[in-house]
>>> print(open('final-v3.txt').read())   # compact mmCIF, C-alpha atoms
# COMPACT_ATOMS: atom_id res chain seq x y z
CA MET A 183 -27.75 8.96 2.61
CA ARG A 184 -30.27 7.99 5.27
CA SER A 185 -30.47 8.99 8.87
CA GLY A 186 -32.57 8.85 11.98
CA ARG A 187 -34.92 6.33 13.37
CA ARG A 188 -37.35 4.53 11.12
CA ASP A 189 -40.28 2.56 12.42
CA VAL A 190 -40.40 -0.71 10.60
CA ALA A 191 -42.77 -3.46 11.55
CA ASP A 192 -40.60 -6.47 12.44
CA GLY A 193 -42.40 -8.71 10.03
CA SER A 194 -41.64 -6.58 6.97
CA LEU A 195 -37.95 -5.94 7.80
CA THR A 196 -35.74 -6.76 4.81
CA PRO A 197 -31.98 -7.46 4.83
CA GLU A 198 -31.50 -4.34 2.67
CA GLN A 199 -33.19 -2.16 5.30
CA ILE A 200 -30.96 -3.62 7.98
CA LEU A 201 -27.85 -3.03 5.89
CA ASP A 202 -28.90 0.59 5.17
CA ALA A 203 -29.37 1.19 8.88
CA ALA A 204 -26.09 -0.56 9.75
CA GLU A 205 -24.27 1.70 7.31
CA ASP A 206 -25.82 4.79 8.91
CA VAL A 207 -24.87 3.64 12.38
CA LEU A 208 -21.35 2.67 11.37
CA ARG A 209 -20.86 6.04 9.79
CA ARG A 210 -22.00 7.82 12.94
CA PHE A 211 -20.42 5.67 15.66
CA GLY A 212 -17.50 3.96 13.87
CA PRO A 213 -16.91 0.20 13.67
CA GLN A 214 -15.59 -0.16 17.24
CA LYS A 215 -18.65 1.30 18.92
CA THR A 216 -21.40 -0.02 16.65
CA THR A 217 -23.51 -2.79 18.14
CA VAL A 218 -26.44 -4.80 16.82
CA VAL A 219 -28.57 -3.07 19.46
CA ASP A 220 -27.70 0.33 17.93
CA VAL A 221 -28.82 -0.89 14.53
CA ALA A 222 -32.04 -2.31 15.97
CA ARG A 223 -32.71 0.96 17.78
CA ALA A 224 -32.21 2.96 14.56
CA LEU A 225 -34.84 0.76 12.92
CA GLY A 226 -37.22 0.76 15.90
CA VAL A 227 -37.14 -3.03 16.13
CA SER A 228 -35.86 -5.58 18.64
CA HIS A 229 -32.32 -6.91 18.20
CA GLY A 230 -33.86 -10.32 17.72
CA SER A 231 -35.30 -9.04 14.44
CA ILE A 232 -31.75 -8.30 13.26
CA TYR A 233 -30.40 -11.67 14.38
CA ARG A 234 -33.15 -13.37 12.39
CA HIS A 235 -31.39 -12.13 9.23
CA PHE A 236 -27.80 -11.84 10.49
CA PRO A 237 -26.89 -14.40 13.15
CA SER A 238 -24.00 -12.36 14.63
CA LYS A 239 -22.43 -8.92 14.68
CA THR A 240 -19.65 -10.35 12.50
CA ALA A 241 -22.16 -11.65 9.97
CA LEU A 242 -23.78 -8.21 9.83
CA ARG A 243 -20.45 -6.42 9.37
CA GLU A 244 -19.40 -8.84 6.66
CA ALA A 245 -22.68 -8.30 4.86
CA VAL A 246 -22.17 -4.52 5.00
CA ALA A 247 -18.64 -4.90 3.62
CA ARG A 248 -19.80 -7.34 0.94
CA ARG A 249 -22.50 -4.98 -0.28
CA TRP A 250 -20.10 -2.04 -0.29
CA LEU A 251 -17.54 -3.98 -2.34
CA HIS A 252 -20.26 -5.16 -4.70
CA ARG A 253 -20.96 -1.50 -5.52
CA VAL A 254 -17.35 -1.34 -6.76
CA ALA A 255 -17.29 -4.69 -8.55
CA ALA A 256 -20.65 -4.44 -10.36
CA PRO A 257 -19.89 -1.48 -12.69
CA LEU A 258 -16.42 -2.94 -13.33
CA GLY A 259 -18.00 -6.24 -14.30
CA GLN A 260 -20.04 -4.42 -16.95
CA ILE A 261 -16.88 -2.92 -18.44
CA ALA A 262 -15.13 -6.31 -18.43
CA ALA A 263 -18.07 -7.81 -20.34
CA GLU A 264 -18.36 -4.98 -22.89
CA GLY A 265 -16.40 -6.62 -25.68
CA GLY A 266 -14.26 -4.65 -28.12
CA PRO A 267 -10.47 -4.17 -28.16
CA ALA A 268 -8.82 -5.50 -25.00
CA LEU A 269 -6.24 -2.82 -24.14
CA PRO A 270 -8.66 0.15 -24.29
CA ARG A 271 -11.13 -1.95 -22.29
CA LEU A 272 -8.44 -2.70 -19.68
CA ARG A 273 -7.70 1.02 -19.53
CA ARG A 274 -11.38 1.90 -19.02
CA TRP A 275 -11.60 -0.81 -16.34
CA LEU A 276 -8.55 0.52 -14.44
CA ASP A 277 -9.68 4.14 -14.80
CA ARG A 278 -13.06 3.23 -13.35
CA LEU A 279 -11.58 1.20 -10.50
CA ILE A 280 -9.27 4.10 -9.59
CA ALA A 281 -12.10 6.65 -9.86
CA LEU A 282 -14.37 4.56 -7.62
CA LYS A 283 -11.71 4.11 -4.94
CA ARG A 284 -10.63 7.75 -5.05
CA ALA A 285 -14.22 8.98 -4.84
CA LYS A 286 -14.74 6.94 -1.68
CA VAL A 287 -11.56 8.25 -0.06
CA LEU A 288 -11.71 11.87 -1.12
CA ASP A 289 -15.46 12.46 -0.97
CA GLU A 290 -16.32 10.47 2.14
CA PRO A 291 -13.09 10.04 4.12
CA GLU A 292 -14.93 9.11 7.34
CA LEU A 293 -17.04 6.43 5.72
CA PHE A 294 -13.95 5.12 3.93
CA ALA A 295 -12.13 4.83 7.25
CA VAL A 296 -15.07 2.86 8.58
CA TYR A 297 -14.91 0.41 5.70
CA HIS A 298 -11.14 0.19 5.84
CA ALA A 299 -11.41 -0.85 9.51
CA LEU A 300 -14.25 -3.24 8.66
CA SER A 301 -12.19 -4.85 5.96
CA ASP A 302 -9.48 -5.80 8.48
CA ASP A 303 -12.06 -8.10 10.10
CA ALA A 304 -13.53 -9.41 6.87
CA GLY A 305 -10.62 -11.21 5.22
CA ASP A 306 -12.78 -13.75 3.40
CA VAL A 307 -15.02 -11.02 2.02
CA ILE A 308 -11.99 -9.08 0.74
CA ASP A 309 -10.42 -12.21 -0.73
CA ALA A 310 -13.64 -12.94 -2.63
CA HIS A 311 -13.72 -9.34 -3.89
CA VAL A 312 -10.12 -9.49 -5.13
CA ALA A 313 -10.80 -12.85 -6.78
CA GLU A 314 -13.78 -11.30 -8.57
CA LEU A 315 -11.66 -8.39 -9.81
CA ILE A 316 -8.95 -10.79 -11.02
CA ASP A 317 -11.58 -12.81 -12.91
CA GLN A 318 -12.81 -9.63 -14.60
CA VAL A 319 -9.33 -8.61 -15.76
CA ALA A 320 -8.56 -12.19 -16.81
CA ARG A 321 -11.66 -12.10 -19.01
CA ILE A 322 -10.44 -8.95 -20.75
CA LEU A 323 -6.97 -10.46 -21.25
CA ALA A 324 -8.36 -13.78 -22.50
CA ASP A 325 -10.56 -11.96 -25.03
CA GLY A 326 -7.46 -10.05 -26.13
CA MET A 327 -5.47 -13.25 -26.57
CA VAL A 328 -8.16 -14.72 -28.82
CA ALA A 329 -8.14 -11.50 -30.88
CA GLY A 330 -4.33 -11.44 -31.09
CA GLU A 331 -4.15 -8.17 -29.14
CA ILE A 332 -2.58 -9.61 -25.98
CA ARG A 333 0.52 -11.78 -25.62
CA LEU A 334 -0.39 -15.41 -24.92
CA GLY A 335 -0.17 -16.49 -21.28
CA GLU A 336 -2.17 -17.66 -18.30
CA PRO A 337 -4.89 -14.98 -18.05
CA LYS A 338 -5.48 -15.27 -14.29
CA ALA A 339 -1.79 -15.04 -13.38
CA MET A 340 -1.37 -12.09 -15.71
CA ALA A 341 -4.50 -10.43 -14.32
CA ARG A 342 -3.19 -10.80 -10.76
CA ALA A 343 0.11 -9.23 -11.89
CA VAL A 344 -1.72 -6.30 -13.56
CA LEU A 345 -3.79 -5.62 -10.44
CA THR A 346 -0.73 -5.89 -8.20
CA ALA A 347 1.39 -3.64 -10.43
CA THR A 348 -1.30 -0.94 -10.23
CA ALA A 349 -1.98 -1.32 -6.48
CA ALA A 350 -0.45 2.09 -5.70
CA PHE A 351 -3.39 3.67 -7.56
CA HIS A 352 -6.32 1.70 -6.15
CA HIS A 353 -5.29 -0.17 -2.97
CA PRO A 354 -6.70 1.64 0.09
CA ALA A 355 -3.31 1.36 1.83
CA HIS A 356 -1.98 3.97 -0.63
CA ALA A 357 -4.86 6.42 -0.20
CA ALA A 358 -2.58 9.00 1.47
CA SER A 359 -0.61 9.41 -1.79
CA TRP A 360 -3.63 9.91 -4.07
CA ARG A 361 -3.50 13.67 -3.63
CA ASP A 362 0.09 13.73 -4.90
CA PRO A 363 0.10 15.94 -8.03
CA LEU A 364 2.45 13.43 -9.75
CA ILE A 365 0.07 10.50 -9.32
CA ASP A 366 -1.66 10.71 -12.73
CA GLN A 367 1.66 11.06 -14.55
CA THR A 368 3.02 8.04 -12.67
CA PHE A 369 -0.07 6.03 -13.57
CA GLU A 370 0.49 6.83 -17.26
CA ALA A 371 4.09 5.59 -16.98
CA VAL A 372 2.99 2.37 -15.27
CA PHE A 373 0.18 1.82 -17.77
CA ASP A 374 2.65 2.34 -20.62
CA LEU A 375 4.83 -0.41 -19.13
CA LEU A 376 1.81 -2.70 -18.92
CA VAL A 377 0.71 -2.01 -22.49
CA THR A 378 4.20 -2.81 -23.73
CA ALA A 379 4.39 -5.93 -21.58
CA LEU A 380 0.95 -7.21 -22.64
CA ALA A 381 1.26 -6.55 -26.37
CA PRO A 382 1.95 -9.61 -28.52
CA PRO A 383 5.60 -9.97 -29.58
CA ALA A 384 6.45 -8.28 -32.89
CA VAL A 385 6.71 -10.77 -35.73
CA ALA A 386 10.38 -10.81 -36.72
CA MET B 21 21.12 -3.91 19.59
CA ARG B 22 21.95 -1.62 22.54
CA SER B 23 20.14 -1.04 25.75
CA GLY B 24 20.34 0.60 29.12
CA ARG B 25 21.96 3.70 30.36
CA ARG B 26 25.40 4.77 29.26
CA ASP B 27 27.40 7.42 30.98
CA VAL B 28 28.86 9.71 28.41
CA ALA B 29 30.68 12.90 29.26
CA ASP B 30 28.78 15.78 27.63
CA GLY B 31 31.86 17.06 25.82
CA SER B 32 32.54 13.80 23.97
CA LEU B 33 28.92 13.13 22.95
CA THR B 34 28.68 12.38 19.21
CA PRO B 35 25.58 12.56 17.00
CA GLU B 36 25.90 8.81 16.41
CA GLN B 37 25.70 8.11 20.14
CA ILE B 38 22.62 10.27 20.43
CA LEU B 39 20.96 8.49 17.48
CA ASP B 40 21.80 5.07 18.97
CA ALA B 41 20.22 6.09 22.26
CA ALA B 42 17.20 7.65 20.52
CA GLU B 43 16.65 4.37 18.65
CA ASP B 44 16.73 2.42 21.91
CA VAL B 45 14.29 4.77 23.57
CA LEU B 46 11.94 4.83 20.59
CA ARG B 47 11.92 1.07 20.52
CA ARG B 48 11.04 0.89 24.21
CA PHE B 49 8.57 3.76 24.56
CA GLY B 50 7.23 4.23 21.02
CA PRO B 51 7.28 7.46 19.03
CA GLN B 52 4.39 9.11 20.87
CA LYS B 53 5.93 8.83 24.32
CA THR B 54 9.59 9.43 23.50
CA THR B 55 10.96 12.81 24.57
CA VAL B 56 14.37 14.43 24.27
CA VAL B 57 14.61 14.20 28.06
CA ASP B 58 14.24 10.39 27.85
CA VAL B 59 17.08 10.24 25.36
CA ALA B 60 19.25 12.49 27.53
CA ARG B 61 18.48 10.34 30.59
CA ALA B 62 19.47 7.16 28.71
CA LEU B 63 22.81 8.78 27.93
CA GLY B 64 23.30 10.28 31.39
CA VAL B 65 23.56 13.81 29.98
CA SER B 66 21.50 16.98 30.16
CA HIS B 67 18.89 17.57 27.47
CA GLY B 68 20.87 20.67 26.51
CA SER B 69 23.62 18.33 25.28
CA ILE B 70 21.14 16.76 22.89
CA TYR B 71 19.81 20.10 21.66
CA ARG B 72 23.39 21.16 20.87
CA HIS B 73 23.36 18.52 18.09
CA PHE B 74 19.63 18.34 17.30
CA PRO B 75 17.81 21.64 17.80
CA SER B 76 14.33 20.08 18.26
CA LYS B 77 12.57 16.80 18.90
CA THR B 78 11.51 16.85 15.24
CA ALA B 79 15.11 17.30 14.09
CA LEU B 80 16.13 14.32 16.24
CA ARG B 81 13.32 12.12 14.92
CA GLU B 82 14.12 13.06 11.35
CA ALA B 83 17.78 12.23 11.90
CA VAL B 84 16.81 8.81 13.30
CA ALA B 85 14.57 8.17 10.28
CA ARG B 86 17.23 9.41 7.87
CA ARG B 87 19.87 7.08 9.31
CA TRP B 88 17.47 4.14 9.26
CA LEU B 89 16.60 4.76 5.61
CA HIS B 90 20.27 5.19 4.77
CA ARG B 91 20.84 1.62 6.00
CA VAL B 92 18.40 0.53 3.28
CA ALA B 93 19.68 2.82 0.53
CA ALA B 94 23.42 2.25 1.00
CA PRO B 95 23.63 -1.47 0.06
CA LEU B 96 21.19 -0.84 -2.80
CA GLY B 97 23.43 1.95 -4.07
CA GLN B 98 26.29 -0.54 -4.26
CA ILE B 99 24.19 -2.89 -6.40
CA ALA B 100 23.11 -0.04 -8.69
CA ALA B 101 26.78 0.89 -9.23
CA GLU B 102 27.98 -2.69 -9.83
CA GLY B 103 27.95 -2.57 -13.61
CA GLY B 104 27.15 -5.63 -15.74
CA PRO B 105 23.90 -6.52 -17.52
CA ALA B 106 21.03 -4.23 -16.55
CA LEU B 107 18.08 -6.59 -16.13
CA PRO B 108 19.85 -9.05 -13.77
CA ARG B 109 21.16 -6.02 -11.86
CA LEU B 110 17.62 -4.61 -11.59
CA ARG B 111 16.48 -8.01 -10.32
CA ARG B 112 19.24 -8.13 -7.67
CA TRP B 113 18.37 -4.56 -6.67
CA LEU B 114 14.65 -5.34 -6.26
CA ASP B 115 15.35 -8.64 -4.47
CA ARG B 116 17.58 -6.81 -2.02
CA LEU B 117 15.10 -3.99 -1.45
CA ILE B 118 12.33 -6.50 -0.77
CA ALA B 119 14.56 -8.59 1.52
CA LEU B 120 15.60 -5.52 3.53
CA LYS B 121 12.02 -4.33 3.99
CA ARG B 122 10.71 -7.80 4.84
CA ALA B 123 13.49 -8.39 7.35
CA LYS B 124 12.55 -5.19 9.14
CA VAL B 125 8.87 -6.08 9.25
CA LEU B 126 9.09 -9.77 10.04
CA ASP B 127 12.13 -9.80 12.34
CA GLU B 128 11.48 -6.60 14.27
CA PRO B 129 7.77 -5.80 13.93
CA GLU B 130 7.80 -3.42 16.90
CA LEU B 131 10.74 -1.40 15.66
CA PHE B 132 9.21 -1.32 12.21
CA ALA B 133 5.98 0.06 13.63
CA VAL B 134 8.03 2.75 15.35
CA TYR B 135 9.67 3.75 12.09
CA HIS B 136 6.42 3.56 10.18
CA ALA B 137 4.91 6.04 12.65
CA LEU B 138 8.03 8.20 12.49
CA SER B 139 7.84 8.30 8.73
CA ASP B 140 4.37 9.86 8.86
CA ASP B 141 6.00 12.91 10.46
CA ALA B 142 9.09 12.93 8.26
CA GLY B 143 7.70 13.54 4.77
CA ASP B 144 10.78 15.35 3.49
CA VAL B 145 13.05 12.58 4.72
CA ILE B 146 10.94 9.96 2.99
CA ASP B 147 10.73 12.00 -0.21
CA ALA B 148 14.53 12.26 -0.28
CA HIS B 149 14.81 8.50 0.29
CA VAL B 150 12.41 7.70 -2.54
CA ALA B 151 14.24 10.15 -4.83
CA GLU B 152 17.51 8.36 -4.01
CA LEU B 153 15.99 4.96 -4.84
CA ILE B 154 14.60 6.31 -8.12
CA ASP B 155 18.05 7.67 -9.02
CA GLN B 156 19.58 4.27 -8.37
CA VAL B 157 17.10 2.45 -10.59
CA ALA B 158 17.43 5.16 -13.26
CA ARG B 159 21.18 4.56 -13.29
CA ILE B 160 20.65 0.83 -13.92
CA LEU B 161 18.15 1.58 -16.70
CA ALA B 162 20.36 4.23 -18.30
CA ASP B 163 23.32 1.82 -18.32
CA GLY B 164 21.05 -0.75 -19.97
CA MET B 165 19.93 1.75 -22.62
CA VAL B 166 23.55 2.46 -23.53
CA ALA B 167 24.20 -1.29 -23.77
CA GLY B 168 21.07 -1.89 -25.87
CA GLU B 169 19.52 -4.07 -23.15
CA ILE B 170 16.74 -1.65 -22.18
CA ARG B 171 14.18 0.09 -24.37
CA LEU B 172 15.02 3.77 -24.87
CA GLY B 173 13.10 6.21 -22.71
CA GLU B 174 13.41 8.74 -19.90
CA PRO B 175 15.27 6.74 -17.22
CA LYS B 176 13.87 8.61 -14.21
CA ALA B 177 10.25 8.35 -15.32
CA MET B 178 10.75 4.65 -16.09
CA ALA B 179 12.47 4.11 -12.73
CA ARG B 180 9.56 5.75 -10.90
CA ALA B 181 7.17 3.48 -12.80
CA VAL B 182 9.22 0.37 -11.91
CA LEU B 183 9.30 1.28 -8.22
CA THR B 184 5.57 2.07 -8.21
CA ALA B 185 4.64 -1.13 -10.06
CA THR B 186 6.50 -3.18 -7.41
CA ALA B 187 5.20 -1.21 -4.40
CA ALA B 188 3.07 -4.15 -3.20
CA PHE B 189 6.34 -6.00 -2.43
CA HIS B 190 8.34 -3.29 -0.67
CA HIS B 191 6.05 -0.42 0.42
CA PRO B 192 5.46 -0.62 4.19
CA ALA B 193 1.72 -0.06 3.65
CA HIS B 194 1.55 -3.58 2.19
CA ALA B 195 3.46 -5.29 5.00
CA ALA B 196 0.37 -7.20 6.13
CA SER B 197 0.33 -9.15 2.84
CA TRP B 198 4.00 -10.18 2.88
CA ARG B 199 3.21 -13.43 4.69
CA ASP B 200 0.81 -14.42 1.91
CA PRO B 201 2.14 -17.70 0.44
CA LEU B 202 1.34 -16.42 -3.08
CA ILE B 203 3.51 -13.31 -2.74
CA ASP B 204 6.70 -14.68 -4.34
CA GLN B 205 4.76 -16.14 -7.26
CA THR B 206 3.00 -12.81 -7.78
CA PHE B 207 6.34 -10.99 -7.70
CA GLU B 208 7.67 -13.30 -10.44
CA ALA B 209 4.62 -12.49 -12.58
CA VAL B 210 5.06 -8.73 -12.06
CA PHE B 211 8.80 -8.92 -12.72
CA ASP B 212 8.10 -10.89 -15.93
CA LEU B 213 5.81 -8.04 -17.05
CA LEU B 214 8.55 -5.51 -16.28
CA VAL B 215 11.24 -7.48 -18.12
CA THR B 216 9.00 -7.69 -21.17
CA ALA B 217 8.12 -4.01 -20.94
CA LEU B 218 11.74 -2.87 -20.50
CA ALA B 219 13.31 -5.05 -23.19
CA PRO B 220 14.19 -3.24 -26.43
CA PRO B 221 11.68 -3.79 -29.25
CA ALA B 222 12.44 -6.76 -31.47
CA VAL B 223 13.92 -5.67 -34.81
CA ALA B 224 11.30 -6.47 -37.41
>>> encode(input="final-v3.txt", output="structure tokens")
Amino acid sequence: MRSGRRDVADGSLTPEQILDAAEDVLRRFGPQKTTVVDVARALGVSHGSIYRHFPSKTALREAVARRWLHRVAAPLGQIAAEGGPALPRLRRWLDRLIALKRAKVLDEPELFAVYHALSDDAGDVIDAHVAELIDQVARILADGMVAGEIRLGEPKAMARAVLTATAAFHHPAHAASWRDPLIDQTFEAVFDLLVTALAPPAVA
Amino acid sequence: MRSGRRDVADGSLTPEQILDAAEDVLRRFGPQKTTVVDVARALGVSHGSIYRHFPSKTALREAVARRWLHRVAAPLGQIAAEGGPALPRLRRWLDRLIALKRAKVLDEPELFAVYHALSDDAGDVIDAHVAELIDQVARILADGMVAGEIRLGEPKAMARAVLTATAAFHHPAHAASWRDPLIDQTFEAVFDLLVTALAPPAVA
């Protein structure tokens, strides 16, 4: 967590520094009230220095959202690429996704609200994020098909179905229900359905 | 749809008339601005006449929400009780649930927003509604277990899992995605997973 004004010579200003400052400002003022001028002021630079890297407020907000979502997708991508049996890997991947989303909601509810509001304006960024997650799950399923652990099918369509069927546990729209004491038990029941559905048919 | 003021003698005022008027007023003013006095004025009665049937504003709002949700649950209950093969009945039940929710969102977005806001204050009413839906699905699954069409298991836990796994298609929190052209295709993929998961194991 960073805060306060930093004095950065305009010439050495990096996109990462701008994004750090934008995150601070968004957290303090909320997405409605945050302006590029606020971000520039926090960095002690002119707003022109920001526009040099991000040509509009929208571009800056999208970049903040993209970086935030990358922090979710990157560790998941490592799990997807791990190799080994597909169903346990899918379980680890889902557990991690759910843990990451819950941590953001439960540990930093204000920041989460900021990003939830941001994401309403950043449809393309969200779509790209979801497409990346689907690709990761499809990779796990495709590996499992090759190994005979997963029923044959179109991996991307199945991956989209798996993500959709588990949305109640990781989609921000359901965050209000994540404190429900039944939620873990319900996830086990849904995961059991998925495991049964994904397993290859028994050889008669 | 009803509108405008009706003159109802206090003595003959029924709960249904009050709920009709409350729905009108909620639709026009929204849940934040609606008061019992507004409802009384729309009916041409004193607010005491309303309190005789509904002892508080909360009781009135909950009754409105309960009646609205009953309009969803009642036709679904008929499908659950129809008899016949379980998986096609489950499909008809889900199709109807999705159609009812989509109709409310897409045809009457303002009224839906009113009820969505109401439902935040009416947790017990919503919980009872969800419990009723789970019972209906559990009945379909239990019938299917008896007939050998559904894998043996605890019907209520499986019903909760089925409802949760399809939440993206009927939970109001996902309403924004229901215009997505891919949504029907994704539902087919999720339903395919469920059919596979619910089918009895092949006899080896």
>>> closest_residue(input="final-v3.txt", among="B:Leu183, B:Ile70, B:Ala195, B:Leu218", to="Ile38 (chain B)", atoms="only C-alpha atoms")
B:Ile70
>>> closest_residue(input="final-v3.txt", among="A:Asp309, A:Glu314, A:Glu331, A:Asp325", to="chain B", atoms="all atoms listed in the file")
A:Asp309
>>> interface_residues(input="final-v3.txt", of="chain B", to="chain A", cutoff="7 Å", atoms="all atoms listed in the file", output="ChimeraX atom specification")
/B:177-178,181,184-188,193-194,206,209-210,213-214,216-217,222-224
>>> residues_around(input="final-v3.txt", residues="Asp58 (chain B)", least_positions_apart="3", cutoff="9 Å", atoms="all atoms listed in the file", output="PDB file with C-alpha atoms, in the coordinates of the input")
ATOM      1  CA  ALA B  42      17.200   7.650  20.520  1.00  0.00           C
ATOM      2  CA  VAL B  45      14.290   4.770  23.570  1.00  0.00           C
ATOM      3  CA  THR B  54       9.590   9.430  23.500  1.00  0.00           C
ATOM      4  CA  THR B  55      10.960  12.810  24.570  1.00  0.00           C
ATOM      5  CA  ARG B  61      18.480  10.340  30.590  1.00  0.00           C
ATOM      6  CA  ALA B  62      19.470   7.160  28.710  1.00  0.00           C
ATOM      7  CA  LEU B  63      22.810   8.780  27.930  1.00  0.00           C
ATOM      8  CA  HIS B  67      18.890  17.570  27.470  1.00  0.00           C
TER       9      HIS B  67
END
>>> residues_around(input="final-v3.txt", residues="region 283-291 of chain A", least_positions_apart="4", cutoff="7 Å", atoms="all atoms listed in the file", output="JSON, numbers by chain")
{"A": [279, 295, 352, 357]}
>>> closest_residue(input="final-v3.txt", among="A:Arg321, A:Arg271, A:Arg243, A:Arg234", to="Ala203 (chain A)", atoms="all atoms listed in the file")
A:Arg243
>>> atom_distance(input="final-v3.txt", atom1="CA of Ala85 (chain B)", atom2="CA of Tyr135 (chain B)")
6.8 Å
>>> atom_distance(input="final-v3.txt", atom1="CA of Ala100 (chain B)", atom2="CA of Val157 (chain B)")
6.8 Å
>>> residues_near_point(input="final-v3.txt", point="(-24.1, -3.3, 8.7)", cutoff="10 Å", atoms="all atoms listed in the file", output="ChimeraX atom specification")
/A:197-209,213,216-218,221,236,239-250,300
>>> atom_distance(input="final-v3.txt", atom1="CA of Leu315 (chain A)", atom2="CA of Ala255 (chain A)")
6.9 Å
>>> residues_around(input="final-v3.txt", residues="Gly168 (chain B)", least_positions_apart="3", cutoff="10 Å", atoms="all atoms listed in the file", output="PDB file with C-alpha atoms, in the coordinates of the input")
ATOM      1  CA  PRO B 105      23.900  -6.520 -17.520  1.00  0.00           C
ATOM      2  CA  ALA B 106      21.030  -4.230 -16.550  1.00  0.00           C
ATOM      3  CA  ALA B 162      20.360   4.230 -18.300  1.00  0.00           C
ATOM      4  CA  ASP B 163      23.320   1.820 -18.320  1.00  0.00           C
ATOM      5  CA  GLY B 164      21.050  -0.750 -19.970  1.00  0.00           C
ATOM      6  CA  MET B 165      19.930   1.750 -22.620  1.00  0.00           C
ATOM      7  CA  ARG B 171      14.180   0.090 -24.370  1.00  0.00           C
ATOM      8  CA  LEU B 172      15.020   3.770 -24.870  1.00  0.00           C
ATOM      9  CA  ALA B 219      13.310  -5.050 -23.190  1.00  0.00           C
ATOM     10  CA  PRO B 220      14.190  -3.240 -26.430  1.00  0.00           C
TER      11      PRO B 220
END
>>> decode(input="final-v3.txt", residues="region 353-357 of chain A", atoms="all heavy atoms", output="compact mmCIF listing (two decimals), in the first residue's frame")
# COMPACT_ATOMS: atom_id res chain seq x y z
N HIS A 353 -17.79 -15.02 -9.09
CA HIS A 353 -18.23 -13.81 -9.80
C HIS A 353 -18.55 -12.71 -8.77
O HIS A 353 -19.32 -12.96 -7.83
CB HIS A 353 -19.46 -14.13 -10.63
CG HIS A 353 -19.82 -13.05 -11.62
ND1 HIS A 353 -20.21 -11.79 -11.21
CD2 HIS A 353 -19.81 -13.01 -12.97
CE1 HIS A 353 -20.45 -11.05 -12.28
NE2 HIS A 353 -20.22 -11.77 -13.36
N PRO A 354 -17.97 -11.52 -8.97
CA PRO A 354 -18.17 -10.44 -7.99
C PRO A 354 -19.65 -10.15 -7.68
O PRO A 354 -19.96 -9.70 -6.58
CB PRO A 354 -17.52 -9.22 -8.65
CG PRO A 354 -16.54 -9.78 -9.63
CD PRO A 354 -17.07 -11.11 -10.07
N ALA A 355 -20.55 -10.43 -8.64
CA ALA A 355 -21.96 -10.14 -8.41
C ALA A 355 -22.53 -10.97 -7.24
O ALA A 355 -23.56 -10.63 -6.69
CB ALA A 355 -22.77 -10.42 -9.68
N HIS A 356 -21.85 -12.06 -6.90
CA HIS A 356 -22.33 -12.93 -5.81
C HIS A 356 -21.62 -12.66 -4.49
O HIS A 356 -21.82 -13.41 -3.53
CB HIS A 356 -22.13 -14.40 -6.18
CG HIS A 356 -23.08 -14.88 -7.22
ND1 HIS A 356 -24.31 -15.41 -6.90
CD2 HIS A 356 -23.01 -14.89 -8.56
CE1 HIS A 356 -24.94 -15.74 -8.02
NE2 HIS A 356 -24.18 -15.43 -9.05
N ALA A 357 -20.79 -11.62 -4.44
CA ALA A 357 -19.94 -11.42 -3.27
C ALA A 357 -20.74 -11.40 -1.96
O ALA A 357 -20.27 -11.88 -0.93
CB ALA A 357 -19.13 -10.13 -3.43
